[in-house]
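K.L.:
Structure supplied as query.tsv; contents: TSV, C-alpha atoms.
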chain	number	residue	atom	x	y	z
A	477	ASP	CA	100.61	-20.62	0.91
A	478	ASN	CA	98.51	-19.09	3.71
A	479	ASP	CA	101.20	-19.05	6.40
A	480	LEU	CA	99.22	-21.43	8.60
A	481	THR	CA	100.75	-23.47	11.40
A	482	PRO	CA	99.80	-27.13	10.93
A	483	VAL	CA	99.46	-29.65	13.74
A	484	ILE	CA	101.24	-32.93	13.06
A	485	PHE	CA	101.27	-36.27	14.83
A	486	ASP	CA	102.67	-38.74	12.26
A	487	LEU	CA	105.85	-39.03	10.23
A	488	ASP	CA	104.17	-39.21	6.81
A	489	SER	CA	102.66	-35.75	7.24
A	490	THR	CA	105.93	-34.50	8.65
A	491	ARG	CA	107.86	-35.66	5.59
A	492	CYS	CA	105.33	-34.06	3.23
A	493	LEU	CA	105.43	-30.75	5.07
A	494	ASN	CA	109.19	-30.73	5.22
A	495	SER	CA	109.38	-31.40	1.47
A	496	CYS	CA	106.98	-28.54	0.70
A	497	ALA	CA	108.85	-26.17	3.02
A	498	LYS	CA	112.14	-27.17	1.41
A	499	ASP	CA	110.75	-26.46	-2.07
A	500	LYS	CA	109.66	-23.01	-0.91
A	501	GLU	CA	112.96	-22.46	0.89
A	502	ILE	CA	111.27	-21.61	4.17
A	503	GLU	CA	111.27	-22.84	7.75
A	504	LEU	CA	107.74	-23.89	8.60
A	505	ASN	CA	106.38	-23.69	12.13
A	506	ILE	CA	104.54	-26.79	13.30
A	507	HIS	CA	102.81	-27.87	16.49
A	508	VAL	CA	103.05	-31.48	17.61
A	509	LYS	CA	100.05	-33.09	19.26
A	510	ILE	CA	100.70	-35.63	21.99
A	511	ASP	CA	97.97	-38.10	22.88
A	512	THR	CA	97.91	-38.23	26.67
A	513	GLY	CA	94.65	-40.13	27.04
A	514	MET	CA	92.07	-38.81	24.61
A	515	GLY	CA	92.65	-41.78	22.32
A	516	ARG	CA	91.95	-39.80	19.18
A	517	VAL	CA	94.87	-38.27	17.28
A	518	GLY	CA	98.34	-37.51	18.52
A	519	VAL	CA	101.77	-39.02	19.07
A	520	GLY	CA	101.36	-41.60	21.85
A	521	HIS	CA	102.82	-40.20	25.06
A	522	ASN	CA	105.03	-43.28	25.33
A	523	ASP	CA	106.36	-42.58	21.82
A	524	ALA	CA	107.03	-38.88	22.34
A	525	GLU	CA	110.75	-39.31	22.96
A	526	SER	CA	111.45	-41.29	19.80
A	527	PHE	CA	109.23	-38.98	17.72
A	528	ALA	CA	110.99	-35.90	19.08
A	529	LYS	CA	114.37	-37.32	18.12
A	530	THR	CA	113.24	-38.48	14.69
A	531	ILE	CA	111.83	-35.16	13.52
A	532	THR	CA	115.09	-33.36	14.25
A	533	GLN	CA	116.19	-34.62	10.82
A	534	PHE	CA	113.61	-32.40	9.09
A	535	ASN	CA	115.60	-29.21	8.72
A	536	ASN	CA	112.80	-27.12	7.22
A	537	LEU	CA	110.43	-27.63	10.13
A	538	LYS	CA	110.44	-25.93	13.51
A	539	VAL	CA	108.48	-27.30	16.46
A	540	SER	CA	107.06	-24.02	17.72
A	541	GLY	CA	104.33	-25.58	19.85
A	542	LEU	CA	103.24	-28.69	21.73
A	543	MET	CA	99.65	-29.58	22.54
A	544	THR	CA	97.33	-32.24	23.88
A	545	HIS	CA	93.59	-32.51	24.48
A	546	PHE	CA	91.63	-33.38	27.61
A	547	ALA	CA	89.17	-36.24	27.64
A	548	VAL	CA	87.19	-35.57	30.84
A	549	ALA	CA	88.14	-32.13	32.13
A	550	GLU	CA	84.45	-31.37	32.69
A	551	ASN	CA	83.99	-34.30	35.10
A	552	PRO	CA	85.08	-33.73	38.73
A	553	ILE	CA	85.03	-37.47	39.37
A	554	GLU	CA	87.79	-37.85	36.77
A	555	ARG	CA	90.09	-35.15	38.14
A	556	GLU	CA	92.87	-37.67	38.71
A	557	PHE	CA	92.81	-38.72	35.07
A	558	THR	CA	93.02	-35.09	33.98
A	559	ARG	CA	95.98	-34.62	36.31
A	560	LEU	CA	97.54	-37.75	34.77
A	561	GLN	CA	97.11	-36.24	31.33
A	562	ILE	CA	98.85	-33.07	32.52
A	563	GLU	CA	101.73	-35.12	33.95
A	564	ARG	CA	102.11	-37.10	30.74
A	565	PHE	CA	102.10	-33.91	28.73
A	566	ASP	CA	104.67	-32.25	30.99
A	567	HIS	CA	106.93	-35.26	30.45
A	568	GLY	CA	106.36	-34.99	26.69
A	569	CYS	CA	107.45	-31.36	26.77
A	570	GLU	CA	110.60	-32.34	28.65
A	571	VAL	CA	111.62	-34.99	26.10
A	572	PHE	CA	111.04	-32.59	23.21
A	573	ARG	CA	113.25	-29.99	24.85
A	574	SER	CA	115.87	-32.65	25.60
A	575	ALA	CA	115.87	-33.53	21.89
A	576	GLY	CA	116.78	-29.93	21.05
A	577	HIS	CA	113.36	-28.50	20.23
A	578	GLU	CA	112.34	-25.13	21.65
A	579	PRO	CA	108.52	-24.95	21.58
A	580	GLU	CA	107.23	-21.48	22.34
A	581	LEU	CA	103.54	-22.32	22.74
A	582	ILE	CA	102.39	-24.98	25.18
A	583	HIS	CA	98.65	-25.60	25.19
A	584	LEU	CA	96.39	-28.19	26.79
A	585	ALA	CA	93.16	-26.61	27.92
A	586	ASN	CA	89.79	-26.79	26.21
A	587	SER	CA	86.83	-24.84	27.64
A	588	PRO	CA	86.27	-26.90	30.82
A	589	GLY	CA	90.01	-27.35	31.31
A	590	ALA	CA	90.67	-23.62	31.13
A	591	ILE	CA	88.03	-22.94	33.78
A	592	THR	CA	88.30	-25.88	36.19
A	593	HIS	CA	92.01	-26.69	35.85
A	594	PRO	CA	93.86	-23.35	35.82
A	595	GLU	CA	97.19	-25.19	36.06
A	596	SER	CA	96.55	-26.44	32.52
A	597	ARG	CA	96.31	-23.04	30.83
A	598	GLY	CA	99.90	-23.16	29.58
A	599	TYR	CA	100.74	-20.32	27.19
A	600	MET	CA	97.36	-20.35	25.46
A	601	VAL	CA	93.97	-22.08	25.66
A	602	ARG	CA	91.72	-23.50	22.95
A	603	LEU	CA	88.19	-22.43	23.80
A	604	GLY	CA	85.30	-24.18	22.08
A	605	GLY	CA	81.83	-23.76	23.50
A	606	ALA	CA	82.92	-21.17	26.05
A	607	LEU	CA	83.78	-18.85	23.19
A	608	PHE	CA	80.06	-18.84	22.33
A	609	GLY	CA	78.83	-18.73	25.92
A	610	LEU	CA	77.92	-22.44	26.03
A	611	LEU	CA	78.95	-23.47	29.54
A	612	ASP	CA	76.02	-25.13	31.26
A	613	ASP	CA	76.66	-28.67	30.07
A	614	ILE	CA	80.47	-28.57	30.04
A	615	LEU	CA	81.06	-27.43	33.62
A	616	PRO	CA	80.42	-29.45	36.78
A	617	SER	CA	77.33	-28.41	38.70
A	618	GLY	CA	78.13	-25.62	41.14
A	619	THR	CA	81.27	-24.49	39.33
A	620	ILE	CA	81.86	-20.76	39.52
A	621	GLY	CA	82.79	-19.82	35.99
A	622	PRO	CA	83.01	-16.61	34.01
A	623	GLU	CA	79.78	-14.77	33.39
A	624	LEU	CA	79.22	-15.45	29.71
A	625	HIS	CA	76.14	-15.03	27.57
A	626	GLU	CA	75.20	-17.23	24.65
A	627	VAL	CA	75.92	-15.29	21.49
A	628	LEU	CA	73.96	-17.47	19.06
A	629	SER	CA	70.24	-17.22	18.51
A	630	LEU	CA	67.96	-19.05	16.09
A	631	ARG	CA	65.00	-17.09	14.81
A	632	SER	CA	62.28	-17.53	12.24
A	633	GLN	CA	58.94	-15.96	11.38
A	634	ILE	CA	55.35	-17.08	11.53
A	635	ALA	CA	54.37	-17.97	7.97
A	636	TYR	CA	50.73	-18.80	8.61
A	637	LEU	CA	48.17	-18.76	11.42
A	638	ARG	CA	45.26	-21.15	11.40
A	639	ASN	CA	42.37	-21.73	13.75
A	640	VAL	CA	41.75	-25.34	14.68
A	641	GLN	CA	38.78	-26.77	16.55
A	642	SER	CA	39.13	-28.92	19.65
A	643	GLY	CA	39.80	-32.59	18.97
A	644	GLU	CA	41.67	-32.15	15.69
A	645	SER	CA	44.87	-34.11	15.02
A	646	LEU	CA	47.96	-32.29	13.74
A	647	GLY	CA	51.09	-33.45	11.93
A	648	TYR	CA	52.54	-36.74	10.80
A	649	GLY	CA	51.41	-39.75	12.79
A	650	ARG	CA	48.58	-37.79	14.41
A	651	THR	CA	50.64	-37.58	17.61
A	652	PHE	CA	48.93	-34.42	18.84
A	653	TYR	CA	45.24	-33.61	19.30
A	654	THR	CA	43.96	-30.18	20.26
A	655	LYS	CA	42.25	-30.12	23.63
A	656	ARG	CA	40.58	-26.77	22.94
A	657	ASP	CA	39.83	-24.46	20.06
A	658	SER	CA	43.35	-23.37	19.17
A	659	THR	CA	45.42	-20.99	17.10
A	660	ILE	CA	48.36	-22.75	15.48
A	661	ALA	CA	51.42	-20.98	14.09
A	662	LEU	CA	53.15	-22.61	11.15
A	663	VAL	CA	56.86	-21.81	11.18
A	664	PRO	CA	59.07	-22.62	8.17
A	665	ILE	CA	61.86	-24.47	9.97
A	666	GLY	CA	62.38	-28.18	10.47
A	667	TYR	CA	64.91	-30.94	10.88
A	668	ALA	CA	66.43	-30.16	7.46
A	669	ASP	CA	67.57	-26.91	9.08
A	670	GLY	CA	69.14	-28.78	11.97
A	671	TYR	CA	66.30	-28.06	14.38
A	672	PRO	CA	66.16	-31.40	16.23
A	673	ARG	CA	63.24	-33.66	15.36
A	674	GLY	CA	63.43	-35.03	18.91
A	675	LEU	CA	61.73	-31.82	20.04
A	676	SER	CA	58.45	-33.06	18.58
A	677	ASN	CA	55.68	-32.56	21.16
A	678	CYS	CA	58.15	-31.42	23.84
A	679	GLY	CA	60.00	-28.35	22.55
A	680	SER	CA	59.07	-24.72	22.87
A	681	ALA	CA	59.81	-21.29	21.44
A	682	ILE	CA	59.20	-17.66	22.30
A	683	ALA	CA	56.54	-15.69	20.44
A	684	GLY	CA	55.30	-12.29	21.50
A	685	GLY	CA	57.50	-12.53	24.58
A	686	GLN	CA	55.79	-15.71	25.78
A	687	ILE	CA	56.77	-19.37	25.80
A	688	VAL	CA	54.72	-21.35	23.29
A	689	PRO	CA	54.75	-25.16	23.02
A	690	LEU	CA	55.91	-27.09	19.98
A	691	ILE	CA	53.12	-29.47	19.03
A	692	GLY	CA	52.91	-32.48	16.79
A	693	ARG	CA	55.69	-34.27	14.98
A	694	MET	CA	58.21	-31.92	13.38
A	695	SER	CA	58.46	-32.02	9.59
A	696	MET	CA	61.45	-31.51	7.33
A	697	ASP	CA	60.51	-27.89	6.64
A	698	TRP	CA	57.70	-27.04	9.05
A	699	THR	CA	57.16	-26.87	12.79
A	700	LEU	CA	53.85	-26.14	14.55
A	701	PHE	CA	53.44	-24.09	17.70
A	702	ASP	CA	50.32	-23.54	19.80
A	703	VAL	CA	49.99	-19.76	20.11
A	704	THR	CA	46.43	-19.70	21.41
A	705	ASP	CA	47.49	-17.79	24.50
A	706	VAL	CA	49.25	-15.08	22.49
A	707	PRO	CA	46.32	-13.63	20.52
A	708	GLU	CA	48.13	-10.49	19.32
A	709	LEU	CA	50.44	-12.41	16.95
A	710	SER	CA	50.36	-11.87	13.20
A	711	VAL	CA	51.88	-13.48	10.14
A	712	GLY	CA	55.47	-12.29	9.80
A	713	ASP	CA	56.05	-11.92	13.52
A	714	GLU	CA	59.34	-13.26	14.83
A	715	ILE	CA	59.54	-16.54	16.70
A	716	VAL	CA	62.65	-17.32	18.75
A	717	LEU	CA	63.81	-20.93	18.81
A	718	ILE	CA	67.15	-20.30	20.58
A	719	GLY	CA	67.85	-17.07	22.43
A	720	ASP	CA	66.13	-14.55	24.70
A	721	GLY	CA	66.53	-16.94	27.62
A	722	LEU	CA	65.77	-20.14	25.73
A	723	LYS	CA	69.18	-21.83	25.77
A	724	ALA	CA	70.74	-24.33	23.42
A	725	THR	CA	71.51	-26.30	26.58
A	726	ASP	CA	67.80	-26.53	27.39
A	727	ILE	CA	67.10	-27.95	23.95
A	728	ALA	CA	70.02	-30.35	24.25
A	729	GLN	CA	68.71	-31.76	27.52
A	730	LEU	CA	65.33	-32.46	25.94
A	731	VAL	CA	66.86	-34.55	23.16
A	732	GLY	CA	69.63	-36.17	25.19
A	733	THR	CA	72.69	-34.45	23.77
A	734	ILE	CA	74.91	-31.40	24.36
A	735	ALA	CA	74.58	-27.79	23.28
A	736	TYR	CA	77.54	-28.16	20.90
A	737	GLU	CA	75.60	-30.65	18.80
A	738	ILE	CA	72.58	-28.36	18.64
A	739	THR	CA	74.54	-25.33	17.50
A	740	CYS	CA	76.92	-27.21	15.20
A	741	GLY	CA	73.98	-29.06	13.66
A	742	LEU	CA	72.32	-25.98	12.19
A	743	SER	CA	72.39	-26.65	8.48
A	744	PRO	CA	73.95	-24.41	5.79
A	745	ARG	CA	70.54	-23.36	4.53
A	746	VAL	CA	69.97	-21.35	7.72
A	747	PRO	CA	71.22	-17.81	6.96
A	748	ARG	CA	73.95	-16.54	9.27
A	749	ILE	CA	73.64	-12.93	10.38
A	750	TYR	CA	76.54	-11.45	12.34
A	751	GLU	CA	75.98	-8.45	14.58
Represent the supplied structure as structure tokens.
P.N.:
Amino acid sequence: DNDLTPVIFDLDSTRCLNSCAKDKEIELNIHVKIDTGMGRVGVGHNDAESFAKTITQFNNLKVSGLMTHFAVAENPIEREFTRLQIERFDHGCEVFRSAGHEPELIHLANSPGAITHPESRGYMVRLGGALFGLLDDILPSGTIGPELHEVLSLRSQIAYLRNVQSGESLGYGRTFYTKRDSTIALVPIGYADGYPRGLSNCGSAIAGGQIVPLIGRMSMDWTLFDVTDVPELSVGDEIVLIGDGLKATDIAQLVGTIAYEITCGLSPRVPRIYE
């Protein structure tokens, strides 16, 4: 109905699509995914020849593209495995052509593949994190890549400022005690928004152009920051949690994950503003 091009890798889906296309009296473009070593979804590379021959019987489908996905393109130690995946895929393309298919789009490369393995770019690339400027944790150290800037930022506002005396405990579990008379900013964001709870007592944000530490254990809806050293702040002032030099990659390293998980984990209740 929407003129989309589906990716298929099993005969059941192929039969269903062919039936739908036949009912609509159209020829439907499809891409076939070949599993060359990712171990996720795809026609096994050893089964590509038999699959290519079998789907020639579906007269309302046209194989307009072939694809695979890299498992370790970001790891220089695994370059030989990435090359093996490319070889397996090249062979898969050959057997599809030998079976009479004429794929127009050949695509292998994800973000690290497109940058570190130019021979894998094919006729198109499928950029993930690179499309959003997230490169630091998907490229090998020292790799010269394109100069990209992170396009996503996460921002909130100070909802309340309170003065706290030295020696007071803050937050669940009393995991933080003030070591001086302090000004604490209460910010209405928490792990229900996808801001990682693992940042408790180790994260930071930017307020008034300065780095301010995240203190105490993060709550579902509230996070505390020590803004004692930024006395000019007021209620309603912006606080930057990602952006302005504070990278999603930096946050990811603190909680032992990757920038993709940080950005993809932002919950639907966080408003999206596109500029």
K.L.:
Write out as a PyMOL selection string each polymer residue whose atoms come within 10 Å of Thr699 of chain A, counting all atoms listed in the file; drop sequence neighbours fewer than 2 positions from it.
P.N.:
chain A and resi 647+661-667+671+673+675-676+690-697+701
K.L.:
Between atom CA of Leu542 of chain A and atom CA of Leu581 of chain A, what distance in Å does the model show, to one decimal?
P.N.:
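Result for atom CA of Leu542 of chain A versus atom CA of Leu581 of chain A: 6.5 Å, one decimal.
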K.L.:
Between A:Leu603, A:Leu504, A:Ala585, A:Ile510, which one has atoms that come closest to His567 of chain A, using all atoms listed in the file?
P.N.:
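Smallest distance to His567 of chain A is found for A:Ile510.
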K.L.:
When you count only C-alpha atoms, which of these residues is closest to Lys509 of chain A: A:Glu525, A:Asp702, A:Asp669, A:Asp486?
P.N.:
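Checking each candidate against Lys509 of chain A, we get A:Asp486 as the closest.
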K.L.:
What's the separation between atom CA of Gly643 of chain A and atom CA of Ile715 of chain A, in Å to one decimal place?
P.N.:
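Taking atom CA of Gly643 of chain A and atom CA of Ile715 of chain A, their separation equals 25.5 Å.
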K.L.:
Give the answer as one residue: which of A:Pro616, A:Gly515, A:Gly649, A:Gly674 has the shortest atom-to-atom distance to Pro552 of chain A, using all atoms listed in the file?
P.N.:
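The answer is A:Pro616, which sits nearest to Pro552 of chain A.
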K.L.:
Do you know which residues are at most 9 Å from Val571 of chain A counting all atoms listed in the file, after dropping those on the same chain fewer than 2 positions away, and could you put them as a list in words?
P.N.:
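Skipping anything fewer than 2 positions along the chain leaves Ala524, Glu525, Ser526, Ala528, Lys529, Asp566, His567, Gly568, Cys569, Arg573, Ser574, Ala575, Gly576 and His577 of chain A.
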K.L.:
Given the choices A:Tyr736, A:Gln729, A:Glu644, A:Leu637, which gets closest to Ser587 of chain A if the distance is worked out from only C-alpha atoms?
P.N.:
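Ranked by minimum distance to Ser587 of chain A, first place goes to A:Tyr736.
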K.L.:
To one decimal place in Å, what is the distance between atom CA of Asp713 of chain A and atom CA of Ile634 of chain A?
P.N.:
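Separating atom CA of Asp713 of chain A from atom CA of Ile634 of chain A is a distance of 5.6 Å.
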K.L.:
Could you check the closest approach to Thr733 of chain A for each of A:Leu717, A:Ile614, A:Ala497, A:Val517 and tell me which residue wins, using only C-alpha atoms?
P.N.:
A:Ile614
K.L.:
With only C-alpha atoms as the atoms that count, which of A:Val627, A:Leu700, A:Ala683, A:Ile506 lies nearest to Thr739 of chain A?
P.N.:
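Among the listed residues, the smallest separation from Thr739 of chain A belongs to A:Val627.
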K.L.:
Find the spatial neighbours of Arg516 of chain A, counting all atoms listed in the file, within a cut-off of 12 Å - ignore same-chain residues fewer than 6 positions away - and output them as a list in words.
P.N.:
Phe485, Lys509, Ile510, Thr544, His545, Phe546 and Ala547 of chain A
